[in-house]
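Raw data-v3.txt, compact mmCIF, C-alpha atoms:
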# COMPACT_ATOMS: atom_id res chain seq x y z
CA MET U 21 -9.68 40.96 -18.47
CA PRO U 22 -5.89 40.89 -19.05
CA THR U 23 -4.80 43.18 -21.84
CA GLU U 24 -1.98 42.73 -24.31
CA TYR U 25 -0.76 45.97 -25.80
CA LYS U 26 -0.39 46.06 -29.58
CA ARG U 27 1.39 49.01 -31.13
CA LYS U 28 -0.84 50.91 -33.53
CA CYS U 29 1.98 52.50 -35.50
CA LEU U 30 4.24 49.71 -36.71
CA ASP U 31 7.03 52.10 -37.86
CA ARG U 32 7.81 53.27 -34.32
CA GLY U 33 10.08 51.70 -31.77
CA LYS U 34 11.97 49.27 -33.97
CA TRP U 35 15.00 49.39 -31.67
CA SER U 36 15.44 46.76 -28.99
CA SER U 37 15.53 47.29 -25.26
CA GLN U 38 19.21 46.33 -25.34
CA GLN U 39 19.95 49.09 -27.87
CA LEU U 40 18.17 51.63 -25.66
CA SER U 41 20.08 50.49 -22.58
CA ASP U 42 23.43 50.63 -24.40
CA ALA U 43 22.69 54.10 -25.75
CA LEU U 44 21.75 55.51 -22.34
CA GLU U 45 24.82 53.89 -20.80
CA ALA U 46 27.09 55.46 -23.44
CA ILE U 47 25.54 58.88 -22.81
CA ASN U 48 25.77 58.59 -19.03
CA ASN U 49 29.43 57.47 -19.28
CA GLY U 50 30.28 60.47 -21.47
CA THR U 51 31.60 58.34 -24.33
CA MET U 52 28.93 59.63 -26.71
CA GLY U 53 26.70 62.60 -27.08
CA VAL U 54 22.97 62.32 -27.60
CA ASN U 55 23.11 62.84 -31.37
CA GLU U 56 26.01 60.41 -31.84
CA ALA U 57 24.24 57.77 -29.72
CA SER U 58 21.07 58.36 -31.75
CA ARG U 59 22.92 57.64 -35.01
CA THR U 60 24.93 54.70 -33.62
CA PHE U 61 22.06 52.86 -32.01
CA GLN U 62 19.35 54.05 -34.44
CA ILE U 63 17.14 55.55 -31.74
CA PRO U 64 15.46 58.98 -32.14
CA SER U 65 17.35 61.68 -30.24
CA ARG U 66 14.06 62.97 -28.80
CA THR U 67 13.48 59.57 -27.19
CA LEU U 68 16.95 59.59 -25.63
CA ARG U 69 16.55 63.16 -24.31
CA ARG U 70 13.17 62.28 -22.83
CA ARG U 71 14.67 59.29 -21.05
CA ILE U 72 17.56 61.34 -19.69
CA THR U 73 15.34 64.22 -18.56
CA SER U 74 12.84 61.99 -16.79
CA LYS U 75 15.68 59.80 -15.39
CA LYS U 76 13.65 56.73 -16.21
CA GLN U 77 15.09 53.33 -17.08
CA PRO U 78 13.79 51.69 -20.27
CA TRP U 79 10.15 50.71 -19.85
CA VAL U 80 10.74 47.07 -20.52
CA LEU U 81 9.92 45.51 -17.20
CA LEU U 82 12.47 42.82 -17.75
CA HIS U 83 14.24 41.72 -20.89
CA CYS U 84 13.27 38.28 -22.15
CA LEU U 85 16.65 36.90 -21.14
CA ALA U 86 16.28 38.31 -17.64
CA GLU U 87 12.74 37.01 -17.14
CA LYS U 88 14.11 33.63 -16.19
CA LYS U 89 15.63 35.18 -13.03
CA LYS U 90 13.90 36.30 -9.87
CA ARG U 91 11.74 39.08 -11.21
CA ARG U 92 10.97 41.29 -8.23
CA LEU U 93 14.42 41.07 -6.60
CA PHE U 94 16.04 41.72 -9.95
CA ALA U 95 13.93 44.81 -10.53
CA LEU U 96 14.55 46.17 -7.02
CA ALA U 97 18.30 45.58 -7.19
CA LEU U 98 18.61 47.46 -10.50
CA LYS U 99 16.08 50.10 -9.42
CA ILE U 100 13.96 49.33 -12.46
CA ARG U 101 10.43 50.70 -12.39
CA HIS U 102 8.04 47.77 -11.85
CA ASN U 103 4.43 47.02 -10.95
CA PHE U 104 4.95 44.08 -8.60
CA ASN U 105 2.90 44.02 -5.40
CA GLU U 106 5.34 45.07 -2.67
CA GLU U 107 3.10 43.89 0.16
CA LYS U 108 2.45 40.39 -1.20
CA GLU U 109 5.86 40.24 -2.93
CA MET U 110 4.37 38.75 -6.06
CA ALA U 111 3.23 39.66 -9.55
CA GLY U 112 -0.40 39.70 -10.64
CA TYR U 113 -2.39 37.40 -12.93
CA ASP U 114 -2.08 39.78 -15.87
CA TRP U 115 1.72 39.72 -15.68
CA LEU U 116 1.74 35.91 -15.29
CA ASN U 117 -0.51 35.37 -18.32
CA SER U 118 1.59 37.73 -20.40
CA PHE U 119 4.78 36.03 -19.23
CA LEU U 120 3.44 32.59 -20.19
CA ARG U 121 2.44 33.88 -23.63
CA ARG U 122 5.98 35.15 -24.19
CA ASN U 123 7.47 31.85 -23.03
CA PRO U 124 5.40 29.06 -24.62
CA GLU U 125 7.96 26.45 -23.53
CA LEU U 126 6.80 26.95 -19.92
CA ALA U 127 3.63 25.47 -18.42
CA ILE U 128 1.88 25.41 -15.05
CA ARG U 129 2.37 22.00 -13.43
CA ARG U 130 1.05 20.53 -10.18
CA ALA U 131 3.99 20.15 -7.82
CA GLU U 132 4.55 16.88 -6.01
CA GLY U 133 5.16 17.10 -2.29
CA VAL U 134 8.62 16.05 -1.16
CA SER U 135 9.31 15.87 2.55
CA LEU U 136 12.18 17.83 4.06
CA ALA U 137 13.89 14.56 4.99
CA ARG U 138 13.81 13.39 1.36
CA ALA U 139 14.96 16.74 0.05
CA GLU U 140 17.96 16.77 2.39
CA GLY U 141 18.61 13.00 2.23
CA THR U 142 19.09 12.68 -1.53
CA THR U 143 22.74 13.66 -1.84
CA ARG U 144 25.09 12.95 -4.73
CA GLU U 145 27.44 11.07 -2.37
CA ARG U 146 24.69 8.79 -1.07
CA VAL U 147 23.46 8.00 -4.57
CA ALA U 148 27.03 7.36 -5.76
CA ASP U 149 27.62 4.93 -2.88
CA PHE U 150 24.48 3.02 -3.82
CA PHE U 151 25.50 2.66 -7.46
CA LYS U 152 29.02 1.64 -6.41
CA LEU U 153 27.55 -1.19 -4.31
CA LEU U 154 25.11 -2.13 -7.09
CA GLN U 155 27.98 -2.24 -9.60
CA HIS U 156 29.94 -4.54 -7.28
CA ILE U 157 26.97 -6.92 -7.00
CA PHE U 158 26.44 -6.91 -10.78
CA GLU U 159 30.12 -7.62 -11.45
CA GLU U 160 30.42 -10.32 -8.80
CA ASN U 161 27.35 -12.18 -10.07
CA SER U 162 27.59 -11.35 -13.81
CA LEU U 163 24.23 -9.56 -13.88
CA PHE U 164 24.92 -6.66 -16.23
CA ASP U 165 23.25 -8.53 -19.10
CA LYS U 166 20.62 -10.43 -17.07
CA PRO U 167 17.64 -8.10 -16.46
CA GLY U 168 15.45 -11.09 -15.60
CA ARG U 169 17.44 -11.56 -12.39
CA ILE U 170 17.09 -7.96 -11.13
CA TYR U 171 13.93 -7.41 -9.08
CA ASN U 172 12.35 -4.55 -7.20
CA MET U 173 9.75 -5.12 -4.49
CA ASP U 174 7.74 -2.32 -2.89
CA GLU U 175 4.39 -1.63 -1.26
CA THR U 176 1.77 1.04 -1.83
CA GLY U 177 -1.54 1.84 -0.19
CA CYS U 178 -4.97 1.89 -1.84
CA GLN U 179 -8.28 3.02 -0.38
CA LEU U 180 -11.23 0.62 -0.38
CA ASN U 181 -13.58 3.33 -1.57
CA ASN U 182 -13.81 5.45 -4.66
CA ASN U 183 -12.97 9.14 -4.80
CA PRO U 184 -15.84 11.35 -5.99
CA GLY U 185 -15.03 12.98 -9.32
CA TYR U 186 -16.00 16.30 -10.87
CA VAL U 187 -19.62 16.97 -11.81
CA ILE U 188 -21.41 19.80 -13.61
CA ALA U 189 -23.83 21.65 -11.34
CA SER U 190 -25.75 24.91 -11.29
CA LYS U 191 -23.95 27.94 -9.92
CA GLY U 192 -24.73 28.42 -6.25
CA SER U 193 -25.61 24.76 -5.64
CA LYS U 194 -25.12 24.03 -1.96
CA LEU U 195 -25.17 20.24 -2.22
CA VAL U 196 -23.05 18.63 -4.92
CA SER U 197 -22.54 14.93 -4.27
CA SER U 198 -21.38 11.76 -5.96
CA ILE U 199 -22.06 8.19 -4.93
CA THR U 200 -19.15 6.45 -3.17
CA SER U 201 -18.83 3.12 -1.44
CA GLY U 202 -18.40 4.93 1.86
CA GLU U 203 -17.46 8.29 3.34
CA ARG U 204 -14.25 6.82 4.72
CA GLY U 205 -12.44 3.83 3.32
CA GLU U 206 -10.12 1.23 4.76
CA THR U 207 -6.57 1.20 3.46
CA ILE U 208 -5.10 -1.95 1.98
CA THR U 209 -1.45 -2.47 1.09
CA VAL U 210 -0.52 -3.82 -2.32
CA ILE U 211 2.82 -5.66 -2.54
CA ALA U 212 4.25 -5.38 -6.03
CA CYS U 213 7.35 -6.97 -7.51
CA CYS U 214 8.82 -6.59 -10.99
CA ASN U 215 12.07 -7.44 -12.73
CA ALA U 216 14.04 -5.34 -15.20
CA GLU U 217 12.56 -7.28 -18.14
CA GLY U 218 9.18 -5.83 -17.18
CA ASN U 219 7.73 -9.09 -15.84
CA PHE U 220 5.55 -8.71 -12.75
CA LEU U 221 4.76 -11.18 -10.00
CA PRO U 222 1.05 -11.42 -9.12
CA PRO U 223 0.30 -8.75 -6.52
CA SER U 224 -0.25 -9.61 -2.88
CA CYS U 225 -2.49 -7.54 -0.62
CA ILE U 226 -2.59 -6.88 3.12
CA MET U 227 -5.90 -6.14 4.79
CA LYS U 228 -6.52 -5.26 8.42
CA GLY U 229 -8.44 -7.99 10.24
CA LYS U 230 -8.16 -11.42 11.85
CA ARG U 231 -10.42 -13.67 9.82
CA LYS U 232 -9.93 -14.14 6.14
CA LYS U 233 -13.09 -14.77 4.16
CA PRO U 234 -12.96 -16.50 0.77
CA GLU U 235 -14.95 -13.72 -0.89
CA TYR U 236 -12.17 -11.24 -0.05
CA GLU U 237 -10.11 -12.72 -2.89
CA ASP U 238 -12.91 -12.73 -5.45
CA GLY U 239 -11.89 -10.94 -8.63
CA MET U 240 -8.24 -10.54 -7.68
CA PRO U 241 -5.60 -10.99 -10.42
CA PRO U 242 -4.66 -14.65 -11.06
CA GLY U 243 -2.02 -15.93 -8.63
CA SER U 244 -2.61 -13.14 -6.13
CA PHE U 245 -2.67 -13.68 -2.39
CA LEU U 246 -4.34 -11.83 0.48
CA TYR U 247 -2.72 -11.46 3.90
CA MET U 248 -4.70 -10.56 7.01
CA SER U 249 -3.04 -8.49 9.74
CA ALA U 250 -4.71 -7.90 13.08
CA LYS U 251 -2.98 -4.59 13.92
CA SER U 252 -2.86 -2.75 10.61
CA ALA U 253 -2.78 -3.16 6.85
CA TYR U 254 0.93 -2.35 6.70
CA ILE U 255 3.64 -4.89 5.98
CA ASN U 256 5.59 -6.47 8.83
CA ALA U 257 8.53 -8.85 9.14
CA GLU U 258 6.32 -11.95 9.32
CA ILE U 259 4.41 -11.06 6.15
CA PHE U 260 7.60 -10.15 4.30
CA LYS U 261 9.22 -13.49 5.14
CA ASP U 262 6.08 -15.40 4.11
CA TRP U 263 5.99 -13.44 0.85
CA LEU U 264 9.62 -14.37 0.19
CA GLN U 265 8.96 -18.06 0.86
CA ASN U 266 5.61 -18.57 -0.82
CA GLN U 267 5.27 -15.84 -3.44
CA PHE U 268 8.77 -14.83 -4.58
CA LEU U 269 10.84 -18.02 -4.24
CA PRO U 270 8.54 -20.27 -6.34
CA ARG U 271 8.73 -17.76 -9.20
CA LYS U 272 12.42 -16.81 -9.11
CA PRO U 273 14.78 -18.29 -11.71
CA ASP U 274 17.58 -20.63 -10.68
CA GLY U 275 20.77 -18.97 -9.53
CA LYS U 276 21.53 -15.61 -7.94
CA VAL U 277 19.01 -12.79 -8.15
CA VAL U 278 18.99 -9.27 -6.73
CA LEU U 279 15.92 -8.06 -4.84
CA ILE U 280 15.95 -4.29 -4.32
CA VAL U 281 13.80 -3.05 -1.43
CA ASP U 282 13.46 0.10 0.63
CA GLY U 283 14.83 0.44 4.15
CA HIS U 284 11.64 -0.49 6.02
CA SER U 285 12.36 -2.47 9.16
CA SER U 286 10.28 -5.43 7.93
CA HIS U 287 12.79 -5.97 5.12
CA CYS U 288 15.72 -6.23 7.55
CA ASP U 289 14.40 -9.15 9.64
CA ILE U 290 17.16 -11.63 10.49
CA ASP U 291 15.07 -14.71 9.62
CA ALA U 292 14.13 -13.25 6.24
CA LEU U 293 17.74 -12.31 5.45
CA GLU U 294 18.98 -15.80 6.37
CA PHE U 295 16.27 -17.37 4.22
CA ALA U 296 17.23 -15.12 1.31
CA GLU U 297 20.92 -16.00 1.62
CA LYS U 298 20.20 -19.73 1.58
CA ASN U 299 18.11 -19.37 -1.57
CA ASP U 300 20.43 -17.19 -3.70
CA ILE U 301 18.46 -13.98 -3.10
CA ILE U 302 20.65 -10.90 -2.65
CA ILE U 303 18.57 -8.31 -0.79
CA LEU U 304 19.81 -4.79 -1.49
CA SER U 305 18.31 -1.94 0.53
CA LEU U 306 17.98 1.51 -0.99
CA PRO U 307 19.50 4.47 0.91
CA SER U 308 17.00 6.23 3.16
CA HIS U 309 15.02 9.16 1.71
CA THR U 310 16.04 8.36 -1.90
CA THR U 311 13.25 6.04 -3.05
CA HIS U 312 11.46 8.81 -5.00
CA PHE U 313 14.43 8.72 -7.41
CA LEU U 314 15.91 5.23 -7.01
CA GLN U 315 12.88 2.96 -6.50
CA PRO U 316 11.75 1.66 -9.94
CA LEU U 317 8.16 0.90 -8.87
CA ASP U 318 7.85 4.37 -7.35
CA ARG U 319 9.09 6.02 -10.52
CA ALA U 320 6.94 4.41 -13.20
CA VAL U 321 4.31 2.01 -11.85
CA PHE U 322 2.51 3.11 -8.69
CA LYS U 323 1.25 6.42 -10.07
CA SER U 324 -0.23 4.58 -13.04
CA LEU U 325 -1.68 1.93 -10.72
CA LYS U 326 -3.41 4.46 -8.47
CA SER U 327 -4.74 6.45 -11.39
CA ALA U 328 -6.20 3.33 -13.01
CA TYR U 329 -7.46 2.12 -9.65
CA SER U 330 -9.28 5.41 -9.05
CA THR U 331 -10.87 5.24 -12.50
CA ALA U 332 -11.98 1.65 -11.93
CA CYS U 333 -13.43 2.60 -8.53
CA ASN U 334 -15.64 5.22 -10.09
CA ASN U 335 -16.92 2.75 -12.69
CA TRP U 336 -17.68 -0.23 -10.50
CA PHE U 337 -16.89 -1.50 -7.02
CA GLU U 338 -15.99 -5.10 -7.82
CA GLN U 339 -12.79 -6.52 -9.34
CA LEU U 340 -11.07 -3.17 -8.87
CA LEU U 341 -7.49 -4.25 -8.37
CA SER U 342 -7.61 -6.73 -11.26
CA GLU U 343 -8.72 -3.98 -13.66
CA ALA U 344 -6.13 -1.47 -12.45
CA TRP U 345 -3.31 -4.01 -12.20
CA GLY U 346 -3.73 -5.06 -15.81
CA LYS U 347 -3.26 -1.46 -16.95
CA ALA U 348 -0.32 -0.58 -14.70
CA ALA U 349 1.67 -3.83 -14.59
CA THR U 350 2.76 -3.75 -18.21
CA CYS U 351 6.11 -4.76 -19.68
CA LYS U 352 6.59 -1.18 -20.87
CA ASN U 353 6.05 0.27 -17.38
CA GLY U 354 8.27 -2.36 -15.80
CA THR U 355 11.27 -1.80 -18.08
CA SER U 356 10.77 1.97 -17.92
CA ALA U 357 10.77 1.75 -14.12
CA PHE U 358 14.24 0.21 -14.01
CA ARG U 359 15.57 2.44 -16.80
CA SER U 360 14.46 5.65 -15.08
CA THR U 361 16.42 4.80 -11.93
CA GLY U 362 19.63 3.76 -13.69
CA ILE U 363 19.56 0.30 -12.15
CA PHE U 364 19.14 -1.48 -15.51
CA PRO U 365 20.61 -0.73 -17.94
CA PHE U 366 23.26 0.29 -15.41
CA ASN U 367 23.57 4.08 -15.64
CA PRO U 368 24.52 5.99 -12.45
CA GLU U 369 24.55 9.29 -14.36
CA ILE U 370 20.79 9.20 -14.96
CA ILE U 371 20.02 10.73 -11.56
CA PRO U 372 19.91 14.47 -12.33
CA GLU U 373 21.93 16.98 -10.37
CA HIS U 374 18.78 18.75 -9.11
CA ALA U 375 17.77 15.54 -7.33

Can you present the structure in this file as structure tokens?
Amino acid sequence: MPTEYKRKCLDRGKWSSQQLSDALEAINNGTMGVNEASRTFQIPSRTLRRRITSKKQPWVLLHCLAEKKKRRLFALALKIRHNFNEEKEMAGYDWLNSFLRRNPELAIRRAEGVSLARAEGTTRERVADFFKLLQHIFEENSLFDKPGRIYNMDETGCQLNNNPGYVIASKGSKLVSSITSGERGETITVIACCNAEGNFLPPSCIMKGKRKKPEYEDGMPPGSFLYMSAKSAYINAEIFKDWLQNQFLPRKPDGKVVLIVDGHSSHCDIDALEFAEKNDIIILSLPSHTTHFLQPLDRAVFKSLKSAYSTACNNWFEQLLSEAWGKAATCKNGTSAFRSTGIFPFNPEIIPEHA
């Protein structure tokens, strides 16, 4: 079990590690003697002599202010005595638990995977160029105060089976199972679209297959549509153009609107772009490898959708998307999605420097 040392005699050691370091430094530099340093820094002279004789640095592994830096490298560089594992180049669980107790503002979080291309592609210059273009479009079409005319469309994948959850089982159990609709599930694509007011279009889905059966749309959210694709469940140029014509256009307000999409090739089809231009739809493509910061639906909707979808899957196998969509496609999530990317209200400075 990790131990946390508690001093038995509370009258001892009331000086700080900084005082001890300053005292030893003054003695080593010859500016003070041991007795003078003892009086100045209020540290027993016996303690100072013991430190000098043993040539040990203060036994404070790292001062609280220094703990935020790279611990092992810091200790090695300053030749401070430490108990880090040299072979594994890491501290142990006891040190980690103690460190977290001393820094309650820190917490262990699950990291999200970011590809190397995204990490290198999100540059301040690329983001600035996007917001410069977005500002030009807003100014030219007087859209700064019209959130209902600023849309984001994106796709995400969902599995047609439920993920097994956690169960309580006896220690040593060799077979721990949970009922699922199948060992492996087909992927479907959900096409989502939302404006900066937080209003969502009914979702459209893409399923792999040639023949569309009426029962496939049973229980879907009102106004939804299901596309069948023979090759895969991913979006293509034909589906995107049909979605523009039959799903987006009938629901768009009169006048110019902005439709923000990612750089997928299906969104750059000539026929779709010409159709959009004729119908007052300005299609704006996000810079490559920046959607994890600039795509509103990625920032505040899809994670909620998948979480609710997974919960619904584990409760029942029918009407799954309708249940999850109602929880994720909320006005609050929609407006938060646009706000978190700086698209509306217009705020280029919202993208943090670490992005």

Atom-to-atom span, atom CA of U:Lys261 and atom CA of U:Gly275, Å:
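Atom-to-atom, atom CA of U:Lys261 to atom CA of U:Gly275, that is 19.5 Å.
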
Could you please determine the separation between atom CA of U:Ala328 and atom CA of U:Ala344 in Å, to one decimal place?
4.8 Å

Which residue of U:Arg144, U:Lys251, U:Lys323, U:Lys34 approaches U:Glu369 most closely, using only C-alpha atoms:
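Using only C-alpha atoms, the shortest distance to U:Glu369 belongs to U:Arg144.
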
Distance query U:Ile255 at most 12 Å, only C-alpha atoms, self and fewer than 2 positions along chain excluded, as a ChimeraX atom specification
/U:174-177,208-211,224-228,246-253,257-263,284-287

Which of these residues is nearest to U:Val54, using only C-alpha atoms: U:Ala212, U:Ile72, U:Cys178, U:Val277?
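Answer, going by the shortest atom-to-atom distance: U:Ile72.
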
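Distances from U:Leu221, U:Leu314, U:Ala296, U:Leu116 to U:Ile363 were compared using all atoms listed in the file, and the smallest one belongs to U:Leu314.
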
Nearest to U:Pro368 by atom-to-atom distance, counting only C-alpha atoms, from U:Glu235, U:Glu145, U:Asp165, U:Glu45:
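Going through U:Glu235, U:Glu145, U:Asp165, U:Glu45 one by one, the smallest distance to U:Pro368 is for U:Glu145.
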
What does the structure give for the distance between atom CA of U:Val281 and atom CA of U:Ile303, in Å to one decimal?
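Here the two named atoms are 7.1 Å from each other.
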
From the set U:Leu163, U:Leu154, U:Ala375, U:Ala332, which residue has the shortest atom-to-atom contact distance to U:Ser305, counting only C-alpha atoms?
U:Leu154

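Only residues having an atom at most 9 Å from (9.6, 7.0, 1.6) are included; using all atoms listed in the file, these are Ser135, Arg138, Asp282, Gly283, His284, Ser308, His309, Thr310, Thr311 and His312 of chain U.
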
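Among the candidates U:Ala292, U:Lys347, U:Pro270, U:Lys276, the one nearest to U:Thr331 when counting all atoms listed in the file is U:Lys347.
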
Enclose the full set of atoms of stretch 59-64 of chain U listed in the file within a box whose edges lie along x, y and z, apply 4 Å of padding to each of the six sides, and report centre and edge lengths in Å to one decimal as JSON.
{"center_x": 20.2, "center_y": 55.9, "center_z": -33.4, "size_x": 17.5, "size_y": 14.1, "size_z": 11.3}

Who sits within 10 Å of U:Ile170, only C-alpha atoms, same chain under 3 positions skipped, as a list in words
Phe158, Leu163, Phe164, Lys166, Pro167, Cys214, Asn215, Ala216, Glu217, Lys276, Val277, Val278, Leu279, Ile280, Ile302, Phe358, Ile363 and Phe364 of chain U

How would the residues just chosen look if you wrote them out with C-alpha atoms as a PDB file, keeping the file's coordinate frame?
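part.pdb was written with the following content:
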ATOM      1  CA  PHE U 158      26.440  -6.910 -10.780  1.00  0.00           C
ATOM      2  CA  LEU U 163      24.230  -9.560 -13.880  1.00  0.00           C
ATOM      3  CA  PHE U 164      24.920  -6.660 -16.230  1.00  0.00           C
ATOM      4  CA  LYS U 166      20.620 -10.430 -17.070  1.00  0.00           C
ATOM      5  CA  PRO U 167      17.640  -8.100 -16.460  1.00  0.00           C
ATOM      6  CA  CYS U 214       8.820  -6.590 -10.990  1.00  0.00           C
ATOM      7  CA  ASN U 215      12.070  -7.440 -12.730  1.00  0.00           C
ATOM      8  CA  ALA U 216      14.040  -5.340 -15.200  1.00  0.00           C
ATOM      9  CA  GLU U 217      12.560  -7.280 -18.140  1.00  0.00           C
ATOM     10  CA  LYS U 276      21.530 -15.610  -7.940  1.00  0.00           C
ATOM     11  CA  VAL U 277      19.010 -12.790  -8.150  1.00  0.00           C
ATOM     12  CA  VAL U 278      18.990  -9.270  -6.730  1.00  0.00           C
ATOM     13  CA  LEU U 279      15.920  -8.060  -4.840  1.00  0.00           C
ATOM     14  CA  ILE U 280      15.950  -4.290  -4.320  1.00  0.00           C
ATOM     15  CA  ILE U 302      20.650 -10.900  -2.650  1.00  0.00           C
ATOM     16  CA  PHE U 358      14.240   0.210 -14.010  1.00  0.00           C
ATOM     17  CA  ILE U 363      19.560   0.300 -12.150  1.00  0.00           C
ATOM     18  CA  PHE U 364      19.140  -1.480 -15.510  1.00  0.00           C
TER      19      PHE U 364
END
